[in-house]
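Reading through the structure tokens given below for one structure.
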Amino acid sequence: MTKVDVLLGLQWGDEGKGKIVDVLTPNYDIIARFQGGPNAGHTLEFEGIKHVLHTIPSGIFRPGVLNLIGNGVVIDPVIFQKELEKLAPFNINLKERLALSKKAHLILPTHRLLDAASEHAKGHNKIGSTLKGIGPTYMDKTGRNGLRVGDIFLPNFKEKYNHLVEKHIGMLAHYEGFTYNLAELEGPWFEGIEVLRNLTAVDSEQFMYEAQKAGKKVLAEGAQGTMLDIDFGTYPFVTSSNTVTAGTCTGLGISPRSIGEVIGIFKAYCTRVGSGPFPTELMNEVGQAIRKEGNEFGATTGRERRCGWIDLPALKYAIMINGVTELSMMKADVLSIFDEIKVCTHYIVDGEKMDYLPYDINNLDVQPVYESVPGWNCDLTGLSSWAEAPAELKNYVSYLEEKLETPITVVSVGPDRVQTLQTK
């Protein structure tokens, strides 16, 4: 039985997972998404073209690799159809290169309406939802009401759909002043369902077992980031799924003994989209400079990302929770504009110095403690090997490796797949 390697984000999402999956895909036979849904935005860039994937795994552009959407993923047929249409110019044989778990849940138009109504009703207390219907879909999943991909092949599918929609309409009636046109949303949704019916649907847990048994190499691709995990993130400003390594087991139906290497992705600094705590956030010209240099706008929402220095207590926590075996540092090129880089090594919380993440930092006064590291202040985007990297960048990587007690094996110096340096 081969092991399943896992690749996931260690911050608040947007770390650059799509690019690294694309770079690593030639080493694997199967790329499998295990959680999240179209709230993910995985950006890949090669041959002068930028691609943004939301539900489809990031190995889709590599021939000979199967891409599996696991049972832990939630699928919006409308967004999914649009994603497939964008792949049309590349002549990808989707029947051969893409498979869906029959146990993956479907996002209904009414899930999106419930998401919008709920977020609107919260006013200033909103959690920063992407309004894609993710939360309400996972709520129906745990409430045992959900519709799954496998249901679309059943003779009573329409009946099951109508039953759930009636329940949602009853819930929407509680949101005073919220208006909607469901009929307008249903046409494209059922069109998307027809598209799903023509793809390959599998019993993914059995499929994964057979693949491992046959010696296939599998990479599980995470979405969002560890700090958005429903259990271990900055609750309640989190997503609705388990974004950590443990989510691979429940999101693909593999045993814990199957987990191999765990590759953790982080930015050389920190970003966050939407509401929630962010101890190292820079609400000044430095934060604005990072945002501008890094083009920090959400791939899914287009929203401005909040920016700040790297946060080691949060990163160490994420490495611990996930059992990370190696690290990939993204966007090193963005910090090229600084003579000096700051690193948060500890927090001061209620007068106490700590180097780990305490419970519920939303309601605590968390003061970051910084150390300064010399910057490289030169363009990295043309580097073709780690040997050519400036000494200051190598020192920054060594400094982080020592603090995080985990090797950094990849450093990204630009968005293109070729701008990726192997350090080991």
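Note on naming: chains are A, B, ... as they come in the structure tokens, residues start from 1 per chain, ligands start from 1 in the order shown.
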Check your understanding: Quick one: DSSP alpha helix (DSSP H) residues in range 106-171 of chain A, as an MDAnalysis selection string?
Key -> chainID A and resid 109:122 134:142 157:171
Convert the current residue selection to file output with C-alpha atoms, as a PDB file, in the first residue's frame.
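out00.pdb, written as the output of this step:
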ATOM      1  CA  PRO A 109     -29.236  27.702  -4.932  1.00  0.00           C
ATOM      2  CA  THR A 110     -31.089  27.994  -1.591  1.00  0.00           C
ATOM      3  CA  HIS A 111     -27.826  27.282   0.283  1.00  0.00           C
ATOM      4  CA  ARG A 112     -26.372  30.394  -1.350  1.00  0.00           C
ATOM      5  CA  LEU A 113     -29.473  32.390  -0.438  1.00  0.00           C
ATOM      6  CA  LEU A 114     -29.280  31.236   3.188  1.00  0.00           C
ATOM      7  CA  ASP A 115     -25.611  32.210   3.299  1.00  0.00           C
ATOM      8  CA  ALA A 116     -26.355  35.721   1.987  1.00  0.00           C
ATOM      9  CA  ALA A 117     -29.368  36.197   4.292  1.00  0.00           C
ATOM     10  CA  SER A 118     -27.462  35.018   7.371  1.00  0.00           C
ATOM     11  CA  GLU A 119     -24.401  37.180   6.674  1.00  0.00           C
ATOM     12  CA  HIS A 120     -26.601  40.212   5.972  1.00  0.00           C
ATOM     13  CA  ALA A 121     -28.487  39.720   9.244  1.00  0.00           C
ATOM     14  CA  LYS A 122     -25.232  39.636  11.251  1.00  0.00           C
ATOM     15  CA  ILE A 134     -20.505  26.591   1.867  1.00  0.00           C
ATOM     16  CA  GLY A 135     -21.586  26.953   5.521  1.00  0.00           C
ATOM     17  CA  PRO A 136     -25.285  26.096   4.969  1.00  0.00           C
ATOM     18  CA  THR A 137     -24.279  23.073   2.845  1.00  0.00           C
ATOM     19  CA  TYR A 138     -22.022  21.679   5.584  1.00  0.00           C
ATOM     20  CA  MET A 139     -24.812  22.399   8.095  1.00  0.00           C
ATOM     21  CA  ASP A 140     -27.188  20.257   6.043  1.00  0.00           C
ATOM     22  CA  LYS A 141     -24.502  17.587   5.802  1.00  0.00           C
ATOM     23  CA  THR A 142     -24.127  17.366   9.584  1.00  0.00           C
ATOM     24  CA  PHE A 157     -33.615  12.999  -7.120  1.00  0.00           C
ATOM     25  CA  LYS A 158     -36.082  15.800  -7.985  1.00  0.00           C
ATOM     26  CA  GLU A 159     -38.299  14.768  -5.065  1.00  0.00           C
ATOM     27  CA  LYS A 160     -35.328  14.885  -2.654  1.00  0.00           C
ATOM     28  CA  TYR A 161     -34.321  18.268  -4.069  1.00  0.00           C
ATOM     29  CA  ASN A 162     -37.826  19.738  -3.644  1.00  0.00           C
ATOM     30  CA  HIS A 163     -38.065  18.445  -0.080  1.00  0.00           C
ATOM     31  CA  LEU A 164     -34.826  20.193   0.934  1.00  0.00           C
ATOM     32  CA  VAL A 165     -35.713  23.417  -0.919  1.00  0.00           C
ATOM     33  CA  GLU A 166     -39.064  23.603   0.912  1.00  0.00           C
ATOM     34  CA  LYS A 167     -37.202  23.416   4.210  1.00  0.00           C
ATOM     35  CA  HIS A 168     -34.843  26.206   3.090  1.00  0.00           C
ATOM     36  CA  ILE A 169     -37.712  28.445   1.934  1.00  0.00           C
ATOM     37  CA  GLY A 170     -39.224  28.094   5.411  1.00  0.00           C
ATOM     38  CA  MET A 171     -35.889  29.187   6.943  1.00  0.00           C
TER      39      MET A 171
END
Practice item. Check the smallest atom-to-atom distance from each of A:Ala332, A:Leu185, A:Leu357, A:Ile310 to Asp379 in chain A using only C-alpha atoms, then report the winner. Key: A:Ala332
**Study point:** For His54 in chain A: contacts at 6 Å, only C-alpha atoms, fewer than 5 positions along chain excluded, given as an MDAnalysis selection string
**Key:** chainID A and resid 38 40:41
Quick one: write out the picked residues with N, CA and C atoms as a tab-separated table (two decimals), in the first residue's frame?
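Heads up, here's the output in again12.tsv:
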chain	number	residue	atom	x	y	z
A	38	PRO	N	-16.11	25.80	-3.64
A	38	PRO	CA	-15.74	26.92	-4.51
A	38	PRO	C	-15.34	28.19	-3.77
A	40	ALA	N	-12.57	28.11	-2.37
A	40	ALA	CA	-11.13	28.03	-2.63
A	40	ALA	C	-10.83	28.75	-3.94
A	41	GLY	N	-9.64	29.32	-4.02
A	41	GLY	CA	-9.18	29.92	-5.28
A	41	GLY	C	-7.72	29.57	-5.46
Check your understanding: Skipping near chain neighbours, those fewer than 3 positions away, what residues fall within 10 Å of Trp386 in chain A using only C-alpha atoms, listed as a list in words?
Key ->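 Contacts, with the query itself left out: Leu383, Ala389, Pro390, Leu393, Lys394, Val410, Val411, Thr420, Leu421, Gln422, Thr423 and Lys424 of chain A.
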Next, write the just-selected residues to a file, as a PDB file, in the first residue's frame, keeping N, CA and C atoms as the atom set.
ATOM      1  N   LEU A 383      15.837  34.270 -10.643  1.00  0.00           N
ATOM      2  CA  LEU A 383      16.700  33.179 -10.136  1.00  0.00           C
ATOM      3  C   LEU A 383      16.298  31.834 -10.743  1.00  0.00           C
ATOM      4  N   ALA A 389      20.815  32.300  -5.072  1.00  0.00           N
ATOM      5  CA  ALA A 389      20.042  33.157  -4.158  1.00  0.00           C
ATOM      6  C   ALA A 389      20.960  34.016  -3.293  1.00  0.00           C
ATOM      7  N   PRO A 390      20.549  35.264  -3.002  1.00  0.00           N
ATOM      8  CA  PRO A 390      21.375  36.129  -2.137  1.00  0.00           C
ATOM      9  C   PRO A 390      21.518  35.548  -0.733  1.00  0.00           C
ATOM     10  N   LEU A 393      18.634  36.014   1.787  1.00  0.00           N
ATOM     11  CA  LEU A 393      17.475  35.128   1.629  1.00  0.00           C
ATOM     12  C   LEU A 393      17.795  33.757   2.236  1.00  0.00           C
ATOM     13  N   LYS A 394      18.988  33.264   1.963  1.00  0.00           N
ATOM     14  CA  LYS A 394      19.397  31.965   2.540  1.00  0.00           C
ATOM     15  C   LYS A 394      19.405  32.036   4.070  1.00  0.00           C
ATOM     16  N   VAL A 410      11.359  24.130  -0.452  1.00  0.00           N
ATOM     17  CA  VAL A 410      11.009  24.878  -1.660  1.00  0.00           C
ATOM     18  C   VAL A 410      10.859  26.353  -1.312  1.00  0.00           C
ATOM     19  N   VAL A 411      11.413  27.218  -2.165  1.00  0.00           N
ATOM     20  CA  VAL A 411      11.213  28.664  -2.035  1.00  0.00           C
ATOM     21  C   VAL A 411      10.699  29.174  -3.375  1.00  0.00           C
ATOM     22  N   THR A 420      10.460  28.461  -9.118  1.00  0.00           N
ATOM     23  CA  THR A 420      10.359  27.610  -7.928  1.00  0.00           C
ATOM     24  C   THR A 420      11.728  27.008  -7.655  1.00  0.00           C
ATOM     25  N   LEU A 421      12.316  27.320  -6.507  1.00  0.00           N
ATOM     26  CA  LEU A 421      13.664  26.862  -6.201  1.00  0.00           C
ATOM     27  C   LEU A 421      13.651  25.728  -5.181  1.00  0.00           C
ATOM     28  N   GLN A 422      14.341  24.635  -5.503  1.00  0.00           N
ATOM     29  CA  GLN A 422      14.520  23.513  -4.557  1.00  0.00           C
ATOM     30  C   GLN A 422      15.737  23.831  -3.709  1.00  0.00           C
ATOM     31  N   THR A 423      15.572  23.861  -2.392  1.00  0.00           N
ATOM     32  CA  THR A 423      16.699  24.245  -1.523  1.00  0.00           C
ATOM     33  C   THR A 423      17.541  23.052  -1.073  1.00  0.00           C
ATOM     34  N   LYS A 424      16.966  21.865  -1.179  1.00  0.00           N
ATOM     35  CA  LYS A 424      17.698  20.677  -0.663  1.00  0.00           C
ATOM     36  C   LYS A 424      18.099  19.758  -1.821  1.00  0.00           C
TER      37      LYS A 424
END
**Study point:** Within 10 Å of Ile361 in chain A using only C-alpha atoms, minus same-chain residues under 6 positions, as a ChimeraX atom specification
**Key:** /A:234-235,276-279,349
Store the residues picked out above, limited to C-alpha atoms, as a PDB file, in the first residue's frame.
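Generated output (out39.pdb):
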ATOM      1  CA  THR A 234      -9.528  31.301  14.933  1.00  0.00           C
ATOM      2  CA  TYR A 235     -13.147  30.306  15.676  1.00  0.00           C
ATOM      3  CA  GLY A 276     -11.146  37.720  12.402  1.00  0.00           C
ATOM      4  CA  PRO A 277      -8.023  38.149  14.537  1.00  0.00           C
ATOM      5  CA  PHE A 278      -4.649  38.766  12.885  1.00  0.00           C
ATOM      6  CA  PRO A 279      -1.940  39.546  15.497  1.00  0.00           C
ATOM      7  CA  VAL A 349      -0.930  38.143  26.290  1.00  0.00           C
TER       8      VAL A 349
END
Point to revise | Counting only C-alpha atoms, the option among A:Leu108, A:Ala223, A:Val286, A:Cys307 closest to Gly18 in chain A | key: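 Comparing A:Leu108, A:Ala223, A:Val286, A:Cys307 against Gly18 in chain A, the winner is A:Ala223.
Every protein or nucleic acid residue with an atom no more than 9 Å from Ile92 in chain A, counting only C-alpha atoms and leaving out same-chain residues fewer than 5 positions away, appears here: Ile60, Phe61, Pro63, Leu87 and Arg97 of chain A.
Here the residues within range 138-248 of chain A that DSSP labels strand (DSSP E) on the basis of the backbone are Thr200, Ala201, Val202, Val218, Leu219, Ala220 and Glu221 of chain A.
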Kindly save the residues from that selection, with N, CA and C atoms included, as an mmCIF file, in the first residue's frame.
data_model
loop_
_atom_site.group_PDB
_atom_site.id
_atom_site.type_symbol
_atom_site.label_atom_id
_atom_site.label_comp_id
_atom_site.auth_asym_id
_atom_site.auth_seq_id
_atom_site.Cartn_x
_atom_site.Cartn_y
_atom_site.Cartn_z
ATOM 1 N N THR A 200 -17.311 11.309 -14.531
ATOM 2 C CA THR A 200 -17.078 10.031 -13.860
ATOM 3 C C THR A 200 -17.323 10.175 -12.358
ATOM 4 N N ALA A 201 -18.319 9.481 -11.836
ATOM 5 C CA ALA A 201 -18.592 9.486 -10.388
ATOM 6 C C ALA A 201 -18.162 8.144 -9.809
ATOM 7 N N VAL A 202 -17.465 8.186 -8.680
ATOM 8 C CA VAL A 202 -16.892 6.955 -8.107
ATOM 9 C C VAL A 202 -17.206 6.849 -6.613
ATOM 10 N N VAL A 218 -0.296 9.228 -4.604
ATOM 11 C CA VAL A 218 -1.414 10.163 -4.409
ATOM 12 C C VAL A 218 -0.957 11.393 -3.631
ATOM 13 N N LEU A 219 -1.383 12.580 -4.097
ATOM 14 C CA LEU A 219 -1.183 13.821 -3.356
ATOM 15 C C LEU A 219 -2.549 14.392 -3.017
ATOM 16 N N ALA A 220 -2.811 14.560 -1.725
ATOM 17 C CA ALA A 220 -4.065 15.163 -1.272
ATOM 18 C C ALA A 220 -3.864 16.667 -1.197
ATOM 19 N N GLU A 221 -4.763 17.408 -1.854
ATOM 20 C CA GLU A 221 -4.648 18.863 -1.939
ATOM 21 C C GLU A 221 -5.654 19.542 -1.020
#
Point to revise | Nearest to Asn363 in chain A, chosen from A:Val324, A:Asp350, A:Glu96, A:Ile152, with only C-alpha atoms counted in the distances | key: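 Smallest distance to Asn363 in chain A is found for A:Asp350.
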**Study point:** Given only C-alpha atoms as the counted atoms, nearest of A:Leu131, A:Leu228, A:Leu147, A:Val244 to Ile107 in chain A
**Key:** A:Leu147
**Study point:** Nearby residues (only C-alpha atoms) at most 10 Å from range 42-50 of chain A, same-chain spacing under 4 positions excluded, as a list in words
**Key:**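 Close residues of range 42-50 of chain A: Gly13, Asp14, Glu15, Gly16, Lys17, Gly18, Lys19, Ile20, Val21, Asp22, Val23, Pro38, His54, Thr55, Ile56, Pro57, Ser58, Gly59, Phe61, Ala223, Gln224, Ala299, Thr300, Gly414, Pro415, Asp416, Arg417, Val418 and Gln419 of chain A.
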Exercise for review: Take CA of Thr250 in chain A and CA of Leu68 in chain A and report the distance between them in Å, one decimal.
Suggested key: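 Going from CA of Thr250 in chain A over to CA of Leu68 in chain A covers 14.5 Å.
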Review point. Interatomic distance between CA of Leu380 in chain A and CA of Thr345 in chain A?
Key: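 It comes out at 25.4 Å.
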